[in-house]
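S.K.: I am attaching a structure below and will ask some questions about it afterwards.
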Amino acid sequence: DSGVTQTPKHLITATGQRVTLRCSPRSGDLSVYWYQQSLDQGLQFLIQYYNGEERAKGNILERFSAQQFPDLHSELNLSSLELGDSALYFCASSVVGTGGPNTGELFFGEGSRLTVL
Amino acid sequence: TQLLEQSPQFLSIQEGENLTVYCNSSSVFSSLQWYRQEPGEGPVLLVTVVTGGEVKKLKRLTFQFGDARKDSSLHITAAQPGDTGLYLCAGEITGNQFYFGTGTSLTVIP
C-alpha cells in the first residue's frame with residue numbers, strides 16, 4: 001500500500017461526457033502528479049501541483065483540467081471525452097524540495113481505469 | 001513523443017539468464033529513477049541515481065547512470081520469475097518534474 005488513494009478504480013462512460021478522478025496523496029506529501037498510461041503511449045506526464053498551486057504542465061489536453069485543494073487532495077477533470085481518452089490515469093505524490101533522502105520518489109496510487117465507449 | 005526511449009520494448013527470457021534494459025535520451029536529467037510496475041498496480045520505485053557514472057546494486061539488479069546523465073541501464077543477473085513486470089525509467093527535470101520512458105515488459109519463464 002503506497003498510501004495514495006485514487007477513486008474510482010474503474011469508470012465506463014460515453015463519448016462527449018465529463019468525468020472527475022480523485023486522488024488523496026500520502027500524508028505529508030505536498031506534491032501531486034497526474035499521469036496517463038495507455039498501451040501505445042506509455043506513461044505520459046499530465047500535470048503537477050505543489051501545495052495547491054500548479055507547478056508544471058506536460059502533455060495535458062485543453063479538455064482536461066486539474067486542481068489541488070487546501071487539504072491537498074487533487075481532482076482531474078476530463079471533458080468532451082473521446083475514444084482515445086480510454087486509459088489508466090495514475091496519481092502520484094511526493095515530498096518535494098526538502099533535500100532529504102527520499103526527495104523525488106513518486107508514490108503511485110493503483111490508478112483509475114477509464115473506458116470511453 | 002517520449003523524452004526517454006527504452007529498449008528493448010519486450011523481453012522474454014528463461015529463468016537464470018542475464019539481461020540488460022537501456023534507457024536513452026538526448027536530455028540531461030538531475031536524477032534518474034527506475035520503477036517496476038505489476039499488472040493492476042501503480043509503479044513502485046526500485047532505485048534513484050543522481051551522479052553521472054553512478055552504479056547502484058540492489059541484490060541481483062545493477063543500475064548505472066551515464067556519465068553525461070542522459071542515459072541509464074538496468075542489468076539483471078540470473079533472472080527469476082518474480083522479476084517479471086514492466087520496468088520504467090523516469091528522468092527528473094529540475095523542479096521535480098518526472099518524465100517516464102516507454103517501458104520494457106519483461107517475462108521470465110520458469
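Ligands are numbered from 1 in the order shown, chains are lettered A, B, ... in the order of the C-alpha cells, and residues start at 1 in each chain.
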For range 68-73 of chain B, find every residue with an atom within 12 Å (counting only C-alpha atoms), except residues of its own chain fewer than 3 positions away, and show them as an MDAnalysis selection string.
M.R.: chainID B and resid 3:8 19:34 47:57 61:65 76 87:93 101 104
S.K.: Identify every residue of chain A that has at least one atom within 8 Å of any atom of chain B, counting only C-alpha atoms, and report the result as a ChimeraX atom specification.
M.R.: /A:41-45,48,56,90,96-97,104-111
S.K.: Tell me which protein, DNA and RNA residues are within 8 Å of Leu72 in chain A, counting only C-alpha atoms, leaving out same-chain ones fewer than 5 positions away, and put them as a list in words.
M.R.: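 So the residues in contact are Ser24, Pro25, Leu30, Asn51 and Gly52 of chain A.
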S.K.: What would the file look like if the residues just selected were written as a compact mmCIF listing (two decimals), in the first residue's frame with N, CA and C atoms?
M.R.:
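Contents of result_39.txt, freshly written:
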# COMPACT_ATOMS: atom_id res chain seq x y z
N SER A 24 -6.11 11.19 -3.29
CA SER A 24 -5.65 11.64 -1.97
C SER A 24 -4.20 11.24 -1.82
N PRO A 25 -3.29 12.19 -1.64
CA PRO A 25 -1.86 11.86 -1.56
C PRO A 25 -1.52 11.24 -0.22
N LEU A 30 3.26 17.07 -0.30
CA LEU A 30 2.67 18.31 -0.79
C LEU A 30 2.46 18.32 -2.30
N ASN A 51 1.42 22.00 -3.21
CA ASN A 51 0.79 22.79 -2.16
C ASN A 51 -0.31 23.71 -2.70
N GLY A 52 -1.10 23.17 -3.60
CA GLY A 52 -2.25 23.90 -4.10
C GLY A 52 -2.04 24.69 -5.37
S.K.: Between A:Leu114, A:Val19, A:Ala87, A:Leu76, single out the one closest to Val32 in chain A, counting only C-alpha atoms.
M.R.: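 For Val32 in chain A, the nearest of the given residues is A:Leu76.
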S.K.: What's around Thr107 in chain B at 12 Å? Count only C-alpha atoms, leave out sequence neighbours fewer than 3 positions away in its own chain, and write the answer as a ChimeraX atom specification.
M.R.: /B:9-15,17,19,38,79-87,104,110
S.K.: Selection from above, C-alpha atoms, as a short mmCIF file (atom, residue, chain, number, x, y, z; two decimals), in the first residue's frame, can you write it?
M.R.:
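And here's again_26.cif as it stands now:
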data_model
loop_
_atom_site.label_atom_id
_atom_site.label_comp_id
_atom_site.auth_asym_id
_atom_site.auth_seq_id
_atom_site.Cartn_x
_atom_site.Cartn_y
_atom_site.Cartn_z
CA GLN B 9 10.27 -2.89 -25.54
CA PHE B 10 9.54 -6.56 -24.84
CA LEU B 11 11.83 -9.23 -23.43
CA SER B 12 11.08 -12.90 -22.77
CA ILE B 13 13.84 -14.98 -21.24
CA GLN B 14 14.39 -18.22 -19.38
CA GLU B 15 14.93 -18.31 -15.64
CA GLU B 17 19.54 -15.82 -17.82
CA LEU B 19 19.51 -9.26 -19.28
CA GLU B 38 2.93 -5.12 -11.98
CA ALA B 79 16.59 -13.59 -13.67
CA GLN B 80 13.78 -15.21 -11.71
CA PRO B 81 10.04 -15.43 -12.45
CA GLY B 82 9.46 -12.88 -9.69
CA ASP B 83 11.32 -10.32 -11.79
CA THR B 84 8.50 -10.38 -14.35
CA GLY B 85 6.93 -6.96 -14.80
CA LEU B 86 7.07 -3.65 -16.60
CA TYR B 87 10.28 -1.73 -15.96
CA THR B 104 10.25 -2.62 -21.02
CA PRO B 110 10.37 -20.80 -15.21
#
